[in-house]
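Everything on this sheet refers to the single structure shown next.
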Amino acid sequence: MKNILTYIKNHPLYILILACPLAAVAHSAGWGAGWVFGLSAAGVIPLAGLIGEATESLASHTGPKIGGLINASLGNAAELIITLFAIKRGLLDLVKASITGSIIGNLLFVLGLSIVVGGLKNGIQRFDRRHTVNYTILLGIALVGLVTPSLFSHSTASGLTQKVEVLSLSVAAVMIIIYILGIIFSLKAPAAEGIGIPAKAEKEDKPEWSVLKSILVLAGSTGGVVWMSELLVGSVEAVVAGTGISEFFLGIILVPIIGNIAEHLVAVKVAYKNKMELSMEIAVSSSLQIALFVAPILVFISLLMGNPLTLVFNPFELAALGAAVVICYAVSADGESNWLEGAALLAVYLIFGLAFFIFPV
Amino acid sequence: MKNILTYIKNHPLYILILACPLAAVAHSAGWGAGWVFGLSAAGVIPLAGLIGEATESLASHTGPKIGGLINASLGNAAELIITLFAIKRGLLDLVKASITGSIIGNLLFVLGLSIVVGGLKNGIQRFDRRHTVNYTILLGIALVGLVTPSLFSHSTASGLTQKVEVLSLSVAAVMIIIYILGIIFSLKAPAAEGIGIPAKAEKEDKPEWSVLKSILVLAGSTGGVVWMSELLVGSVEAVVAGTGISEFFLGIILVPIIGNIAEHLVAVKVAYKNKMELSMEIAVSSSLQIALFVAPILVFISLLMGNPLTLVFNPFELAALGAAVVICYAVSADGESNWLEGAALLAVYLIFGLAFFIFPV
Amino acid sequence: MKNILTYIKNHPLYILILACPLAAVAHSAGWGAGWVFGLSAAGVIPLAGLIGEATESLASHTGPKIGGLINASLGNAAELIITLFAIKRGLLDLVKASITGSIIGNLLFVLGLSIVVGGLKNGIQRFDRRHTVNYTILLGIALVGLVTPSLFSHSTASGLTQKVEVLSLSVAAVMIIIYILGIIFSLKAPAAEGIGIPAKAEKEDKPEWSVLKSILVLAGSTGGVVWMSELLVGSVEAVVAGTGISEFFLGIILVPIIGNIAEHLVAVKVAYKNKMELSMEIAVSSSLQIALFVAPILVFISLLMGNPLTLVFNPFELAALGAAVVICYAVSADGESNWLEGAALLAVYLIFGLAFFIFPV
């Protein structure tokens, strides 16, 4: 009991787990879509955090190779589950917006906040630019993969849906191959701090869970996320209808925050502790996982589910993704960061956020 | 008297001050719009130079903090005044073109010429790339700020004028905040050579004016610019109608040169003296002032003047801005310059100049 | 005789020279367009290789200055000849696609393959980043030169053909001037490994031909290319009609490979031998020659031939060119390469290849 209290003290957000039963009550008792949406969203936050911790714990028992694979596949489990429910409901715009939102959220908001907090506390922070350059090159590929089907789709006559579908599947396959190559590269690299293994530092202030406990927590929290996601996605349409907030805005700003906030806090915390390199790795590798793994996987799964998702994004999403990758490259390529660069990333996020809010797509 | 002669000898362009009374005569005597335009344009050149010198002098008396602020706000006074008159007359395309033209003029023409002249004289020139990278990141934000409202405006149905206006104002506010943060960052930086304080080297060959003299010169030359700008802007429409040169071309090529030529010459001169870092600082920080300070300020002032200026630029302006920022980043990110890089910048300026001339927008 | 056998053993591709007479037979005997196309394409490969070797040999006799000029003008002779025949026949889309294809083929496919092969064999490879940065800046100009006329052409009303033509000619002139400046820069640079002199390393395993032999081989193989090109281009339309493969796809993927495969193999070979810098130089300088020299020259020549070629590319070509230049910059700017970066370049090439194949323009 005391353990649990200490644990909660160290993870104040986890108190939000109480939102889970409330969300169920709200749903059954018919409190209205707003309550269900808000409570289930709140409930996802601690569950996503627990998935992350259990994954970490499990990975620490298996050695880096298997650990890297576990991390690579489960790192964004919460978001994957939410988007699968959304695909099932045919909310494809929400899914695509949440992919975009996760990528720019990590590259601009999380990284920007980390650099500001770290820079104000520690002055100029240095990191190994080789690493970040490799990451941003992979992000560049992801960008090409997301832009190409969109470009060909927007510019050609309609009625070519099937071709767009084929191109999306092909591009998704290439992206997954590059993601796997990236993991192999990291595992073989001398200092094995590769793509799939971002969250090393979390270990420090984390209980060493046994394998069994890790698996149980993983199973339980994943089940919880499935439960909450169903409620969350089920209430989206009513919320959109009731409040006038667009499906697109929910997808691009809210879903990514809900699914990753625990991880985001870790990135900011380690930046504060002057471990900028780790902070960048968490933020950028999380974007990469979404772009090169989650997005292409969704293309394949959605096809099996009968609601095929194509990699066709609207021009605003593409502009935001392009700006995020390029500015992220410019910030990281020199191997140094200062708070002004962080403020710059936040400003870009803010500008796009304003635009998405004022012009609901 | 001898002093004045020596002074004019050192600043041969200042002889153009004689164009001011002639412009007034041309206007009153009805010599035609061409004469008024040409003479008042010529008259602005020395006055803009005097504003710059007086600002410098004043700043040198106040210590770096206040000096930085003075420079930051008065550094582009001449151009600000011209554009205010143009807004008053509703020449919004001219205003936007002159914003674009100032930015690309500094980044491509002035910087390119400086690098060519400096490189031919001194071989490979080195500079602190940290600085220039910081600048170009801020330029990147400015670019996002200028592209976003344009993108949303071009892609959405018409009739949304009000939303574009709201987005422009929001983005303008973000840009000004980043500009202020940039000044704070420079003032706190160890080697305080920040954004607002570009023109240090000018001191060398400059008379040390007293505070009183600085203020008098500042007041006088600002008054002169107001006078000339009114004549200049008043004659634009007639010149456009008479010669077939487009309002857009006047704005993008001529106005920026008139308003900044004195500063431009300084940038080239210090590059020749192998102070490439200072030269870059003058050119790039001048672009930054226009993009992150003058442009957003004009959005707010124009609203008060009843002729609201939105941050919606045409695709050619956006392409030119994007190309200028990216190539400027590539040239500066390696901390070295050679004459071929300078020639590259000039070639890009020339290509866009040709395109703007052949295709009047 | 023994010499020739050894030579062929060292250059197994050269056995393809036997395709030349077969192509002629296929044409005369009416075997069909497919045979003529395939055989004449195969026949160009060894001839292009011989032109390259003879040029090299000749250059080694003349000293670097004249040698640089010879290389600069004859380095892409095979491709120039093919495109001239295509212009004569009015296949302007094929010509433009082959320009694009050569540039992205070198930057993405050849460079990517070299980096993968070199990286798998030698681990992380280092090279002088100053050089590659200079090259990519020039590529940036080429990109501006290719994008600008397209942008103005796409966005303005039709009926402006003449203006597009004038702009193309002006931009072509600027590009040639920059190309000449680039050669002058290389010749004057301390370590004279400039733009026009990429193929130094080939010397190692190459017979030292006399001046006379070089000229004879050059004349003979150039004549052979003229002969094969006529057959090749003459069969294109029938192949397009018969197979459904688009003229655009032939131009963007096949023609560049045919015209440059010998040079490409050298780039991969030297990367394998851990001479990454030379490998990059071959790939990137070959792109540069196409972009800043061959393309503008074709604009002028095509005008004389009465089938004026404008520098107006379709959006897919521009997107591929832009992505290639930017990713190539990111890969080369840090002065290091590893096989993952190479795989990234290949992935981008593959994505665009798939898109071009699935969506025939």
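Starting from 1 in every chain, residues are counted up; chains themselves are A, B, ... following the order of the structure tokens, and ligands are numbered from 1 as listed.
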
Per residue of chain C within 12 Å of chain A, what are the shortest atom pair and its distance in Å to one decimal, counting only C-alpha atoms, with rows by chain and residue number, as JSON lines?
```
{"residue": "C:Leu108", "atom": "CA", "partner": "A:Ile141", "partner_atom": "CA", "distance": 11.7}
{"residue": "C:Val116", "atom": "CA", "partner": "A:Leu181", "partner_atom": "CA", "distance": 11.8}
{"residue": "C:Gly119", "atom": "CA", "partner": "A:Phe185", "partner_atom": "CA", "distance": 11.2}
{"residue": "C:Leu120", "atom": "CA", "partner": "A:Phe185", "partner_atom": "CA", "distance": 10.7}
{"residue": "C:Gly123", "atom": "CA", "partner": "A:Ala189", "partner_atom": "CA", "distance": 9.8}
{"residue": "C:Ile124", "atom": "CA", "partner": "A:Ala189", "partner_atom": "CA", "distance": 10.2}
{"residue": "C:Asn314", "atom": "CA", "partner": "A:Ser155", "partner_atom": "CA", "distance": 10.2}
{"residue": "C:Pro315", "atom": "CA", "partner": "A:Leu151", "partner_atom": "CA", "distance": 8.3}
{"residue": "C:Phe316", "atom": "CA", "partner": "A:Phe152", "partner_atom": "CA", "distance": 7.5}
{"residue": "C:Glu317", "atom": "CA", "partner": "A:Leu151", "partner_atom": "CA", "distance": 11.1}
{"residue": "C:Leu318", "atom": "CA", "partner": "A:Leu151", "partner_atom": "CA", "distance": 11.1}
{"residue": "C:Ala319", "atom": "CA", "partner": "A:Thr148", "partner_atom": "CA", "distance": 8.3}
{"residue": "C:Ala320", "atom": "CA", "partner": "A:Thr148", "partner_atom": "CA", "distance": 8.9}
{"residue": "C:Leu321", "atom": "CA", "partner": "A:Val144", "partner_atom": "CA", "distance": 11.7}
{"residue": "C:Gly322", "atom": "CA", "partner": "A:Val144", "partner_atom": "CA", "distance": 10.4}
{"residue": "C:Ala323", "atom": "CA", "partner": "A:Val144", "partner_atom": "CA", "distance": 7.2}
{"residue": "C:Ala324", "atom": "CA", "partner": "A:Val144", "partner_atom": "CA", "distance": 9.9}
{"residue": "C:Val325", "atom": "CA", "partner": "A:Gly140", "partner_atom": "CA", "distance": 11.7}
{"residue": "C:Val326", "atom": "CA", "partner": "A:Gly140", "partner_atom": "CA", "distance": 8.8}
{"residue": "C:Ile327", "atom": "CA", "partner": "A:Ile137", "partner_atom": "CA", "distance": 6.9}
{"residue": "C:Cys328", "atom": "CA", "partner": "A:Ile137", "partner_atom": "CA", "distance": 9.4}
{"residue": "C:Tyr329", "atom": "CA", "partner": "A:Ile137", "partner_atom": "CA", "distance": 9.9}
{"residue": "C:Ala330", "atom": "CA", "partner": "A:Ile137", "partner_atom": "CA", "distance": 6.6}
{"residue": "C:Val331", "atom": "CA", "partner": "A:Ile137", "partner_atom": "CA", "distance": 7.1}
{"residue": "C:Ser332", "atom": "CA", "partner": "A:Val133", "partner_atom": "CA", "distance": 10.4}
{"residue": "C:Ala333", "atom": "CA", "partner": "A:Ala333", "partner_atom": "CA", "distance": 9.0}
{"residue": "C:Asp334", "atom": "CA", "partner": "A:Arg130", "partner_atom": "CA", "distance": 7.6}
{"residue": "C:Gly335", "atom": "CA", "partner": "A:Arg130", "partner_atom": "CA", "distance": 10.0}
{"residue": "C:Glu336", "atom": "CA", "partner": "A:Arg130", "partner_atom": "CA", "distance": 8.6}
{"residue": "C:Ser337", "atom": "CA", "partner": "A:Asn134", "partner_atom": "CA", "distance": 9.5}
{"residue": "C:Asn338", "atom": "CA", "partner": "A:Asn134", "partner_atom": "CA", "distance": 9.2}
{"residue": "C:Trp339", "atom": "CA", "partner": "A:Phe185", "partner_atom": "CA", "distance": 8.4}
{"residue": "C:Leu340", "atom": "CA", "partner": "A:Gly182", "partner_atom": "CA", "distance": 6.8}
{"residue": "C:Glu341", "atom": "CA", "partner": "A:Asn134", "partner_atom": "CA", "distance": 7.2}
{"residue": "C:Gly342", "atom": "CA", "partner": "A:Ile137", "partner_atom": "CA", "distance": 10.4}
{"residue": "C:Ala343", "atom": "CA", "partner": "A:Ile178", "partner_atom": "CA", "distance": 7.4}
{"residue": "C:Ala344", "atom": "CA", "partner": "A:Ile141", "partner_atom": "CA", "distance": 6.5}
{"residue": "C:Leu345", "atom": "CA", "partner": "A:Ile141", "partner_atom": "CA", "distance": 8.1}
{"residue": "C:Leu346", "atom": "CA", "partner": "A:Ile141", "partner_atom": "CA", "distance": 9.9}
{"residue": "C:Ala347", "atom": "CA", "partner": "A:Val174", "partner_atom": "CA", "distance": 6.6}
{"residue": "C:Val348", "atom": "CA", "partner": "A:Ile141", "partner_atom": "CA", "distance": 6.2}
{"residue": "C:Tyr349", "atom": "CA", "partner": "A:Val144", "partner_atom": "CA", "distance": 9.9}
{"residue": "C:Leu350", "atom": "CA", "partner": "A:Val174", "partner_atom": "CA", "distance": 7.9}
{"residue": "C:Ile351", "atom": "CA", "partner": "A:Val171", "partner_atom": "CA", "distance": 6.0}
{"residue": "C:Phe352", "atom": "CA", "partner": "A:Thr148", "partner_atom": "CA", "distance": 7.3}
{"residue": "C:Gly353", "atom": "CA", "partner": "A:Val171", "partner_atom": "CA", "distance": 10.5}
{"residue": "C:Leu354", "atom": "CA", "partner": "A:Leu167", "partner_atom": "CA", "distance": 7.1}
{"residue": "C:Ala355", "atom": "CA", "partner": "A:Leu167", "partner_atom": "CA", "distance": 6.5}
{"residue": "C:Phe356", "atom": "CA", "partner": "A:Phe152", "partner_atom": "CA", "distance": 9.0}
{"residue": "C:Phe357", "atom": "CA", "partner": "A:Leu167", "partner_atom": "CA", "distance": 9.5}
{"residue": "C:Ile358", "atom": "CA", "partner": "A:Lys163", "partner_atom": "CA", "distance": 6.7}
{"residue": "C:Phe359", "atom": "CA", "partner": "A:Phe152", "partner_atom": "CA", "distance": 7.3}
{"residue": "C:Pro360", "atom": "CA", "partner": "A:Thr156", "partner_atom": "CA", "distance": 10.1}
{"residue": "C:Val361", "atom": "CA", "partner": "A:Thr156", "partner_atom": "CA", "distance": 8.8}
```

**Message:** Which residues are close to Ser246 in chain B, i.e. within 12 Å by only C-alpha atoms, leaving aside same-chain residues fewer than 4 positions away? Reply as a list in words.
**Reply:**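 Contacts, with the query itself left out: Leu91, Asp93, Leu94, Ala97, Val236, Glu237, Ala238, Val239, Val240, Ala241, Gly242, Leu250, Gly251, Ile252, Ile253, Leu254, Phe356, Phe357, Ile358, Phe359, Pro360 and Val361 of chain B.
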
Produce a file of the selected residues containing C-alpha atoms, as a PDB file, in the first residue's frame.
```
ATOM      1  CA  LEU B  91      -1.336  49.859 -52.488  1.00  0.00           C
ATOM      2  CA  ASP B  93       0.368  44.578 -53.312  1.00  0.00           C
ATOM      3  CA  LEU B  94       3.213  47.060 -53.354  1.00  0.00           C
ATOM      4  CA  ALA B  97       6.017  42.899 -52.591  1.00  0.00           C
ATOM      5  CA  VAL B 236       3.596  55.150 -58.112  1.00  0.00           C
ATOM      6  CA  GLU B 237       0.218  54.720 -59.732  1.00  0.00           C
ATOM      7  CA  ALA B 238       0.995  57.170 -62.491  1.00  0.00           C
ATOM      8  CA  VAL B 239       4.355  55.504 -63.119  1.00  0.00           C
ATOM      9  CA  VAL B 240       2.710  52.080 -63.318  1.00  0.00           C
ATOM     10  CA  ALA B 241       0.094  53.391 -65.721  1.00  0.00           C
ATOM     11  CA  GLY B 242       2.661  55.241 -67.819  1.00  0.00           C
ATOM     12  CA  LEU B 250       8.436  48.276 -58.189  1.00  0.00           C
ATOM     13  CA  GLY B 251       7.686  46.806 -54.799  1.00  0.00           C
ATOM     14  CA  ILE B 252       9.848  43.747 -55.006  1.00  0.00           C
ATOM     15  CA  ILE B 253      12.972  45.222 -56.591  1.00  0.00           C
ATOM     16  CA  LEU B 254      13.038  49.011 -56.345  1.00  0.00           C
ATOM     17  CA  PHE B 356       9.214  38.826 -61.874  1.00  0.00           C
ATOM     18  CA  PHE B 357      10.134  41.142 -64.740  1.00  0.00           C
ATOM     19  CA  ILE B 358       8.926  38.830 -67.530  1.00  0.00           C
ATOM     20  CA  PHE B 359       5.743  37.771 -65.728  1.00  0.00           C
ATOM     21  CA  PRO B 360       4.331  40.894 -64.107  1.00  0.00           C
ATOM     22  CA  VAL B 361       1.930  39.650 -61.441  1.00  0.00           C
TER      23      VAL B 361
END
```

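Interatomic distance, CA of Phe85 in chain B against CA of Leu58 in chain B: 26.3 Å.
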
**Message:** Can you tell me which residues surround Val95 in chain A at a distance of at most 8 Å, considering only C-alpha atoms, apart from same-chain residues fewer than 5 positions away, and format the answer as a list in words?
**Reply:**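 That gives Thr83, Ala86, Ile87 and Gly251 of chain A.
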
Take the selection from the previous step and output its residues with N, CA, C and O atoms, as a tab-separated table (two decimals), in the first residue's frame.
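New file again_13.tsv:
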```tsv
chain	number	residue	atom	x	y	z
A	83	THR	N	-6.49	4.47	-32.91
A	83	THR	CA	-6.70	4.65	-34.34
A	83	THR	C	-7.38	3.43	-34.95
A	83	THR	O	-8.17	3.58	-35.90
A	86	ALA	N	-10.93	3.92	-34.49
A	86	ALA	CA	-11.39	4.98	-35.40
A	86	ALA	C	-11.55	4.46	-36.83
A	86	ALA	O	-12.50	4.82	-37.53
A	87	ILE	N	-10.60	3.61	-37.24
A	87	ILE	CA	-10.72	3.03	-38.59
A	87	ILE	C	-11.99	2.20	-38.69
A	87	ILE	O	-12.73	2.28	-39.67
A	251	GLY	N	-8.30	15.20	-33.97
A	251	GLY	CA	-7.28	14.24	-34.36
A	251	GLY	C	-5.88	14.82	-34.31
A	251	GLY	O	-4.94	14.16	-33.89
```

**Fill in**
A straight line from CA of Gly75 in chain A to CA of Ala48 in chain A spans 9.4 Å

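CA of Ile258 in chain C is found 24.7 Å from CA of Trp209 in chain C.
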
**Request:** Name all residues at most 8 Å from range 30-37 of chain B (count only C-alpha atoms; drop same-chain ones fewer than 2 positions away) and give them as a list of chain:residue names.
**Result:**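 Everything that qualifies: B:Ala23, B:Ala24, B:Ala26, B:His27, B:Ser28, B:Leu39, B:Ser40, B:Ala41, B:Leu231, B:Leu232, B:Val233, B:Ser235, B:Val236, B:Ala238, B:Val239.
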